[in-house]
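Undergrad: mmCIF, C-alpha atoms, file upload-v9.cif:
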```cif
data_my_file
#
loop_
_atom_site.label_atom_id
_atom_site.label_comp_id
_atom_site.auth_asym_id
_atom_site.auth_seq_id
_atom_site.Cartn_x
_atom_site.Cartn_y
_atom_site.Cartn_z
CA MET A 10 -43.62 12.56 -10.95
CA ASN A 11 -46.08 12.25 -8.05
CA PRO A 12 -48.43 15.30 -8.08
CA LYS A 13 -48.35 15.36 -4.24
CA ILE A 14 -44.71 16.45 -4.27
CA ASN A 15 -44.26 19.99 -2.99
CA LYS A 16 -42.87 22.16 -5.78
CA LYS A 17 -40.70 23.94 -3.20
CA ASP A 18 -38.80 20.72 -2.43
CA LEU A 19 -35.38 20.81 -4.07
CA ILE A 20 -34.82 18.21 -6.81
CA ILE A 21 -31.25 17.71 -8.05
CA TYR A 22 -30.34 15.88 -11.27
CA LEU A 23 -26.82 14.47 -11.56
CA PHE A 24 -25.26 13.82 -14.99
CA LYS A 25 -21.85 12.72 -16.19
CA LYS A 26 -21.33 15.55 -18.71
CA GLY A 27 -22.76 17.28 -21.77
CA ARG A 28 -25.76 19.07 -20.20
CA VAL A 29 -24.61 22.35 -18.65
CA LYS A 30 -23.48 23.78 -21.98
CA ARG A 31 -26.78 22.80 -23.59
CA LEU A 32 -28.70 24.59 -20.86
CA GLU A 33 -27.34 27.90 -22.17
CA ASN A 34 -29.66 27.56 -25.15
CA ALA A 35 -31.83 24.54 -24.31
CA LYS A 36 -34.51 25.29 -26.90
CA LYS A 37 -32.01 24.54 -29.68
CA TYR A 38 -31.74 20.94 -28.57
CA PRO A 39 -34.04 17.95 -28.09
CA SER A 40 -34.77 17.45 -24.40
CA GLU A 41 -34.76 13.67 -23.99
CA PHE A 42 -31.28 13.33 -22.48
CA PHE A 43 -32.29 15.62 -19.62
CA TYR A 44 -34.71 12.86 -18.52
CA GLY A 45 -37.56 15.25 -17.74
CA PHE A 46 -35.44 17.94 -16.06
CA LEU A 47 -36.38 20.70 -18.53
CA GLU A 48 -40.09 19.85 -18.46
CA LEU A 49 -40.18 19.81 -14.65
CA ARG A 50 -38.34 23.13 -14.55
CA GLU A 51 -40.89 24.66 -16.91
CA GLU A 52 -43.67 23.49 -14.59
CA GLY A 53 -42.13 25.46 -11.73
CA TYR A 54 -40.39 22.76 -9.70
CA ASN A 55 -37.42 23.79 -7.55
CA ILE A 56 -34.81 21.97 -9.58
CA LYS A 57 -31.04 22.05 -10.16
CA LEU A 58 -28.54 20.20 -12.35
CA PHE A 59 -24.95 19.19 -11.65
CA GLU A 60 -22.36 17.40 -13.73
CA GLU A 61 -19.54 15.29 -12.32
CA LYS A 62 -17.04 18.10 -12.92
CA ASP A 63 -19.20 20.46 -10.82
CA LEU A 64 -18.96 18.07 -7.87
CA GLY A 65 -15.30 17.16 -8.34
CA ILE A 66 -16.10 13.49 -7.85
CA GLU A 67 -12.92 11.85 -9.13
CA ILE A 68 -9.91 11.22 -6.90
CA LYS A 69 -7.42 13.90 -7.89
CA ASN A 70 -4.26 11.81 -7.54
CA ILE A 71 -3.84 10.12 -10.93
CA PHE A 72 -1.96 7.11 -9.50
CA LEU A 73 -4.65 6.44 -6.89
CA ARG A 74 -7.29 6.85 -9.59
CA LYS A 75 -5.63 4.24 -11.79
CA PHE A 76 -5.20 1.89 -8.84
CA PHE A 77 -8.86 2.07 -7.80
CA ASN A 78 -10.05 1.70 -11.40
CA LEU A 79 -8.03 -1.52 -11.59
CA PHE A 80 -9.08 -2.65 -8.10
CA SER A 81 -12.77 -2.17 -8.90
CA LYS A 82 -12.62 -4.91 -11.54
CA PHE A 83 -11.95 -7.46 -8.82
CA VAL A 84 -14.63 -6.24 -6.38
CA PHE A 85 -18.11 -6.36 -7.99
CA ASP A 86 -17.04 -3.81 -10.66
CA LEU A 87 -17.84 -1.07 -8.18
CA PRO A 88 -16.70 2.44 -9.24
CA PHE A 89 -14.32 2.96 -6.29
CA ASN A 90 -12.78 5.99 -7.97
CA SER A 91 -16.15 7.77 -7.94
CA ILE A 92 -17.24 6.42 -4.54
CA LEU A 93 -14.09 7.49 -2.71
CA GLY A 94 -13.81 10.74 -4.64
CA PHE A 95 -17.41 11.56 -3.72
CA ILE A 96 -16.70 10.98 -0.02
CA LEU A 97 -13.15 12.36 0.23
CA ASN A 98 -13.94 15.50 -1.78
CA ASN A 99 -16.99 16.20 0.41
CA CYS A 100 -19.23 16.28 -2.68
CA PHE A 101 -22.35 15.52 -0.64
CA GLU A 102 -22.17 19.00 0.88
CA LYS A 103 -23.28 20.48 -2.47
CA ILE A 104 -26.35 18.29 -2.75
CA LYS A 105 -27.36 17.53 0.83
CA GLY A 106 -30.18 20.09 0.79
CA ALA A 107 -32.08 18.17 -1.87
CA LYS A 108 -35.31 16.35 -1.06
CA TYR A 109 -34.82 14.20 -4.17
CA ILE A 110 -31.70 13.32 -6.18
CA VAL A 111 -31.93 11.78 -9.65
CA ALA A 112 -28.79 9.88 -10.66
CA THR A 113 -28.48 9.16 -14.38
CA THR A 114 -25.38 6.92 -14.58
CA ASN A 115 -24.36 3.77 -12.75
CA SER A 116 -21.24 5.32 -11.20
CA LEU A 117 -23.24 8.27 -9.83
CA GLY A 118 -26.09 6.06 -8.64
CA ILE A 119 -23.80 3.61 -6.84
CA SER A 120 -21.75 6.42 -5.27
CA LEU A 121 -24.92 8.09 -3.96
CA SER A 122 -26.22 4.78 -2.65
CA VAL A 123 -23.00 4.19 -0.71
CA ALA A 124 -23.20 7.70 0.75
CA LYS A 125 -26.86 7.12 1.63
CA SER A 126 -26.11 3.76 3.29
CA ILE A 127 -23.51 5.33 5.63
CA GLY A 128 -25.66 8.34 6.48
CA LEU A 129 -23.92 11.08 4.48
CA ILE A 130 -27.08 11.77 2.45
CA LYS A 131 -30.65 12.00 3.67
CA SER A 132 -32.23 12.73 0.28
CA ASP A 133 -34.50 10.29 -1.52
CA ILE A 134 -32.50 8.81 -4.41
CA LEU A 135 -33.94 7.87 -7.80
CA PHE A 136 -31.30 5.87 -9.67
CA ILE A 137 -31.84 5.48 -13.44
CA ASN A 138 -29.66 2.48 -14.19
CA MET A 139 -28.60 0.35 -17.15
CA GLY A 140 -26.49 -2.80 -17.09
CA LEU A 141 -26.06 -3.22 -13.33
CA PHE A 142 -25.59 -6.94 -13.82
CA PRO A 143 -23.84 -9.05 -16.43
CA LYS A 144 -25.67 -12.08 -17.80
CA LYS A 145 -24.73 -14.23 -14.77
CA PRO A 146 -24.16 -11.94 -11.76
CA ASN A 147 -21.89 -12.99 -8.93
CA LYS A 148 -23.97 -14.16 -5.92
CA LEU A 149 -21.94 -11.99 -3.55
CA LYS A 150 -22.59 -8.99 -5.78
CA VAL A 151 -26.35 -9.69 -5.63
CA ILE A 152 -26.23 -9.85 -1.82
CA PHE A 153 -24.21 -6.64 -1.65
CA TYR A 154 -26.56 -4.79 -4.02
CA LYS A 155 -29.60 -5.92 -2.02
CA TYR A 156 -28.04 -4.16 0.97
CA LEU A 157 -26.71 -1.16 -0.95
CA PHE A 158 -29.98 -0.27 -2.72
CA LYS A 159 -32.46 -1.03 0.05
CA LYS A 160 -33.03 2.71 0.64
CA VAL A 161 -32.93 3.66 -3.06
CA LYS A 162 -35.58 3.64 -5.80
CA LEU A 163 -34.15 1.88 -8.85
CA LEU A 164 -35.56 2.99 -12.21
CA THR A 165 -35.07 1.12 -15.48
CA ILE A 166 -35.90 2.33 -19.00
CA SER A 167 -36.42 -1.21 -20.26
CA LYS A 168 -39.19 -3.63 -19.30
CA THR A 169 -36.83 -6.50 -20.09
CA GLU A 170 -34.09 -5.22 -17.79
CA ASN A 171 -36.68 -4.37 -15.14
CA LYS A 172 -37.85 -7.99 -15.07
CA TYR A 173 -34.24 -9.20 -15.06
CA LEU A 174 -33.28 -6.99 -12.09
CA LYS A 175 -36.36 -8.00 -10.12
CA SER A 176 -35.46 -11.66 -10.59
CA HIS A 177 -32.21 -11.02 -8.68
CA LEU A 178 -33.12 -8.09 -6.41
CA ASN A 179 -36.64 -9.19 -5.55
CA ASN A 180 -36.82 -7.29 -2.25
CA LEU A 181 -36.01 -3.87 -3.69
CA ASP A 182 -38.08 -0.97 -5.04
CA ILE A 183 -37.58 -1.26 -8.81
CA LYS A 184 -39.81 0.62 -11.26
CA TYR A 185 -39.97 0.85 -15.04
CA ILE A 186 -40.24 4.23 -16.75
CA PRO A 187 -40.50 4.42 -20.55
CA PHE A 188 -37.64 6.37 -22.08
CA GLY A 189 -39.09 9.08 -24.29
CA VAL A 190 -37.70 11.34 -27.00
CA ASP A 191 -38.62 14.93 -27.81
CA ALA A 192 -41.38 14.39 -30.38
CA SER A 193 -41.59 18.14 -31.03
CA PHE A 194 -37.94 18.18 -32.19
CA TRP A 195 -37.64 14.82 -33.94
CA VAL A 196 -40.34 15.44 -36.53
CA PRO A 197 -40.88 14.09 -40.06
CA GLN A 198 -39.56 16.36 -42.80
CA LYS A 199 -39.62 16.11 -46.56
CA LYS A 200 -36.41 14.84 -48.17
CA ASN A 201 -34.41 17.74 -49.58
CA ILE A 202 -31.69 15.79 -51.38
CA SER A 203 -31.74 13.23 -54.20
CA GLU A 204 -29.01 11.02 -52.71
CA LYS A 205 -30.22 7.58 -51.69
CA TYR A 206 -28.67 6.16 -48.51
CA ALA A 207 -29.34 4.09 -45.39
CA LEU A 208 -28.24 5.45 -42.04
CA ALA A 209 -26.60 3.71 -39.06
CA ILE A 210 -25.73 5.54 -35.83
CA GLY A 211 -24.19 4.80 -32.45
CA ASN A 212 -21.20 4.96 -30.13
CA ASP A 213 -21.88 2.26 -27.54
CA LEU A 214 -19.80 -0.90 -27.63
CA ALA A 215 -22.82 -3.07 -28.42
CA ARG A 216 -22.89 -1.74 -32.00
CA ASP A 217 -21.86 -4.49 -34.38
CA TRP A 218 -20.30 -2.48 -37.20
CA SER A 219 -18.37 -5.50 -38.46
CA ILE A 220 -21.48 -7.50 -39.29
CA LEU A 221 -23.11 -4.50 -40.96
CA VAL A 222 -20.06 -3.90 -43.17
CA ARG A 223 -19.95 -7.59 -44.11
CA SER A 224 -23.66 -7.56 -45.02
CA TRP A 225 -23.36 -4.52 -47.31
CA ASP A 226 -23.36 -5.67 -50.94
CA LYS A 227 -21.51 -3.74 -53.62
CA ASP A 228 -24.76 -3.05 -55.48
CA PHE A 229 -26.48 -1.49 -52.43
CA PRO A 230 -26.87 2.29 -52.29
CA MET A 231 -24.70 4.30 -49.92
CA LEU A 232 -24.48 3.42 -46.22
CA LYS A 233 -23.64 6.27 -43.83
CA ILE A 234 -22.33 5.21 -40.42
CA VAL A 235 -22.23 7.95 -37.79
CA THR A 236 -19.99 6.89 -34.91
CA SER A 237 -16.87 7.68 -32.90
CA LEU A 238 -15.98 3.97 -32.84
CA PRO A 239 -13.52 2.42 -35.32
CA VAL A 240 -15.10 0.93 -38.45
CA ALA A 241 -12.94 -1.26 -40.70
CA THR A 242 -14.08 -0.97 -44.31
CA LYS A 243 -12.77 -0.14 -47.77
CA LYS A 244 -16.11 -0.54 -49.51
CA PRO A 245 -16.80 2.48 -51.75
CA ASN A 246 -20.52 2.54 -50.88
CA ILE A 247 -19.88 2.93 -47.13
CA THR A 248 -19.08 6.32 -45.60
CA VAL A 249 -18.06 6.75 -41.95
CA VAL A 250 -18.96 10.08 -40.34
CA ARG A 251 -17.38 10.86 -37.00
CA GLY A 252 -20.01 11.85 -34.46
CA ASP A 253 -20.21 12.22 -30.68
CA TRP A 254 -23.22 13.41 -28.66
CA HIS A 255 -21.30 14.92 -25.74
CA ASN A 256 -19.02 17.02 -27.95
CA GLN A 257 -21.68 17.80 -30.57
CA ALA A 258 -19.35 16.69 -33.38
CA ILE A 259 -22.60 16.56 -35.35
CA THR A 260 -25.37 18.87 -34.18
CA ASP A 261 -28.85 17.59 -33.37
CA LEU A 262 -30.20 19.63 -36.27
CA LYS A 263 -27.78 17.88 -38.59
CA MET A 264 -28.75 14.51 -37.12
CA ARG A 265 -32.43 15.23 -37.76
CA GLU A 266 -31.57 16.12 -41.34
CA LEU A 267 -29.64 12.85 -41.72
CA TYR A 268 -32.60 10.86 -40.37
CA CYS A 269 -35.15 12.57 -42.59
CA ASN A 270 -33.11 12.31 -45.78
CA SER A 271 -32.32 8.62 -45.28
CA GLU A 272 -34.27 5.72 -46.73
CA PHE A 273 -34.28 3.89 -43.38
CA VAL A 274 -32.16 3.43 -40.25
CA ILE A 275 -30.17 0.31 -39.31
CA LEU A 276 -29.03 -0.64 -35.80
CA PRO A 277 -26.82 -3.77 -35.87
CA LEU A 278 -26.26 -4.92 -32.28
CA LYS A 279 -24.28 -7.50 -30.38
CA GLU A 280 -26.29 -9.61 -27.93
CA THR A 281 -26.91 -7.69 -24.69
CA MET A 282 -29.49 -7.36 -21.93
CA GLN A 283 -29.20 -3.57 -22.02
CA PRO A 284 -31.59 -1.53 -24.21
CA SER A 285 -28.84 -0.72 -26.69
CA GLY A 286 -29.95 1.41 -29.62
CA GLN A 287 -33.01 2.67 -27.77
CA SER A 288 -32.59 6.42 -28.15
CA THR A 289 -31.48 6.22 -31.79
CA SER A 290 -34.39 3.93 -32.66
CA LEU A 291 -36.92 6.23 -31.04
CA GLN A 292 -35.47 9.38 -32.62
CA ALA A 293 -35.64 7.79 -36.07
CA MET A 294 -39.17 6.49 -35.46
CA SER A 295 -40.22 9.96 -34.31
CA CYS A 296 -38.99 11.22 -37.71
CA SER A 297 -41.23 8.56 -39.35
CA LYS A 298 -38.29 6.45 -40.49
CA ALA A 299 -38.41 2.66 -40.63
CA VAL A 300 -35.92 1.13 -38.18
CA LEU A 301 -34.17 -2.20 -38.72
CA ILE A 302 -32.71 -3.44 -35.43
CA SER A 303 -31.08 -6.64 -34.15
CA ASN A 304 -33.48 -8.69 -32.04
CA ILE A 305 -31.37 -8.63 -28.86
CA LYS A 306 -32.54 -9.78 -25.43
CA GLY A 307 -32.48 -6.14 -24.33
CA ILE A 308 -35.34 -4.96 -26.58
CA TRP A 309 -37.03 -2.63 -24.13
CA ASP A 310 -40.73 -3.27 -24.77
CA ARG A 311 -41.83 -6.38 -26.65
CA GLU A 312 -45.51 -5.55 -26.16
CA LEU A 313 -45.39 -2.21 -27.99
CA LEU A 314 -42.56 -2.85 -30.45
CA LYS A 315 -44.12 -5.13 -33.06
CA ASN A 316 -42.11 -6.72 -35.85
CA ASN A 317 -43.09 -5.61 -39.39
CA GLU A 318 -45.68 -3.24 -37.93
CA ASN A 319 -43.76 -0.36 -36.31
CA ILE A 320 -40.19 -1.77 -36.38
CA ILE A 321 -38.26 -4.52 -38.20
CA PHE A 322 -36.27 -7.11 -36.25
CA THR A 323 -33.32 -9.00 -37.70
CA LYS A 324 -31.44 -11.96 -36.27
CA THR A 325 -28.50 -11.03 -34.06
CA GLY A 326 -25.11 -11.83 -35.56
CA ASN A 327 -26.54 -13.15 -38.83
CA VAL A 328 -25.03 -11.60 -41.98
CA GLN A 329 -27.40 -13.34 -44.39
CA ASP A 330 -30.55 -12.30 -42.54
CA LEU A 331 -29.37 -8.70 -42.22
CA ARG A 332 -28.46 -8.52 -45.92
CA LYS A 333 -31.83 -9.97 -46.90
CA SER A 334 -33.71 -7.42 -44.75
CA ILE A 335 -31.69 -4.51 -46.14
CA LYS A 336 -32.34 -5.61 -49.71
CA PHE A 337 -36.07 -5.93 -49.01
CA LEU A 338 -36.29 -2.47 -47.44
CA PHE A 339 -34.53 -0.75 -50.34
CA LYS A 340 -37.00 -2.34 -52.77
CA ASN A 341 -40.23 -1.73 -50.82
CA LEU A 342 -40.99 1.95 -50.33
CA LYS A 343 -44.64 1.46 -49.30
CA PHE A 344 -43.62 -1.01 -46.59
CA ARG A 345 -41.02 1.46 -45.26
CA GLU A 346 -43.61 4.23 -45.24
CA LYS A 347 -46.06 2.04 -43.30
CA ILE A 348 -43.43 1.17 -40.69
CA GLY A 349 -42.39 4.83 -40.43
CA LYS A 350 -45.95 6.08 -39.99
CA ASN A 351 -46.70 3.50 -37.29
CA GLY A 352 -43.39 4.26 -35.60
CA ARG A 353 -44.23 7.95 -35.34
CA LYS A 354 -47.63 7.03 -33.86
CA LEU A 355 -45.91 4.89 -31.23
CA ILE A 356 -43.69 7.80 -30.17
CA VAL A 357 -46.58 10.25 -29.92
CA GLU A 358 -48.65 7.83 -27.83
CA HIS A 359 -45.98 6.19 -25.66
CA PHE A 360 -42.24 6.88 -25.99
CA ASN A 361 -42.09 10.67 -25.62
CA ILE A 362 -40.41 12.91 -23.05
CA ILE A 363 -43.71 14.18 -21.61
CA ASN A 364 -44.70 10.64 -20.61
CA MET A 365 -41.25 10.11 -19.10
CA LYS A 366 -41.46 13.36 -17.14
CA ASN A 367 -44.85 12.36 -15.74
#
```
Once more with this new file: its structure as structure tokens, please.

TA:
Amino acid sequence: MNPKINKKDLIIYLFKKGRVKRLENAKKYPSEFFYGFLELREEGYNIKLFEEKDLGIEIKNIFLRKFFNLFSKFVFDLPFNSILGFILNNCFEKIKGAKYIVATTNSLGISLSVAKSIGLIKSDILFINMGLFPKKPNKLKVIFYKYLFKKVKLLTISKTENKYLKSHLNNLDIKYIPFGVDASFWVPQKKNISEKYALAIGNDLARDWSILVRSWDKDFPMLKIVTSLPVATKKPNITVVRGDWHNQAITDLKMRELYCNSEFVILPLKETMQPSGQSTSLQAMSCSKAVLISNIKGIWDRELLKNNENIIFTKTGNVQDLRKSIKFLFKNLKFREKIGKNGRKLIVEHFNIINMKN
């Protein structure tokens, strides 16, 4: 953050959920999903955190909520439920004293931008966004967003998405900030079990579990998939572990153990412009684990992420290519170790939470 900022100026971070409980014992957890909040607080900035439930953003009437959720699909996919709830529930009163507001989800960022555009909020808004546009955005939506975000600083955590947004919203203030993980938490550790397995993790809808299951040969070692999404498989060498970040179905300590005891980490993805798999990739790399990831359009930094040097790319939606890469990784320990070592170096030098905070 700009060193000229007065530390007495109030900064408010807005999150969907899952942070307030972690604040009770923040040192137990990695800090990356606070997006620099904890590091700024430690440096003495005047800083607060709210979740959606603290603001009471949603419209309380369940029938109106369902209606506006349906209506939003026909009008630019705008989150009318959040926008109207924010205004009608007078949520801006709780945050109007802030000099800066950091919004960390699209619904929060758009709601704040609407409130800013009609004069309900005077604060400077930093909107960390992902997936504002589909592949071919509606022209009217582009025009509307150019108006809506003209007083907002848009932040992306992907160079690819940053370039994509700028191509459509070329008159707006759009900056790239590298997403960083907590390199002091996600650290390499010696394997403490003899079991041999590959690890796959994720809950976003871009995960392509079907193609991973189809690629998994019967003679491969165990595959552990950690997800809250449905996975259809009867293969005896595939285990599905139910996990969810918000509810801590698996603790971060357990996740670190799973990373470190695995042979390597696989992220099969459907084609998307969003940086899907970013946090999981970086956590695994920080633990010095080789990462095999689908080469989607949304790869967040093609200059720093180098195939067969610090990460391994596989063709999107290609069972044969994925199976071939998996087989190669299981057989080549020295190659995996080289990728893991270089991956850890990349995190320490670039994709860490201290760089993101700065």

Undergrad: So, with only C-alpha atoms as the atoms that count, which of A:Val328, A:Trp225, A:Glu346, A:Glu266 lies closest to Val300 of chain A?

TA: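 Distance minimum relative to Val300 of chain A lands on A:Glu346.
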
Undergrad: Using all atoms listed in the file, which of the listed residues (A:Thr236, A:Thr260, A:Ser219, A:Ser122) sits closest to Phe158 of chain A?

TA: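 For Phe158 of chain A, the nearest of the candidates is A:Ser122.
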
Undergrad: Which one of A:Ile305, A:Val249, A:Leu149, A:Tyr185 sits closest to Phe136 of chain A if you count only C-alpha atoms?

TA: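 Residue with the minimum atom-to-atom distance to Phe136 of chain A: A:Tyr185.
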
Undergrad: Taking the point (-37.6, 11.9, -37.3) as given in the file, collect each protein or nucleic acid residue that comes within 12 Å of it, counting all atoms listed in the file, and present the set as a PyMOL selection string.

TA: chain A and resi 39+190-200+261-274+288-300+349-350+352-354+356-357

Undergrad: Out of A:Asn316, A:Ile247, A:Asn304, A:Leu117, which residue has the shortest atom-to-atom distance to Arg223 of chain A when counting all atoms listed in the file?

TA: A:Ile247

Undergrad: Would you mind listing what lies within 12 Å of Asp63 of chain A as a ChimeraX atom specification, with all atoms listed in the file counted and same-chain residues fewer than 6 positions away left out?

TA: /A:23-29,57,95,98,100-101,103-104
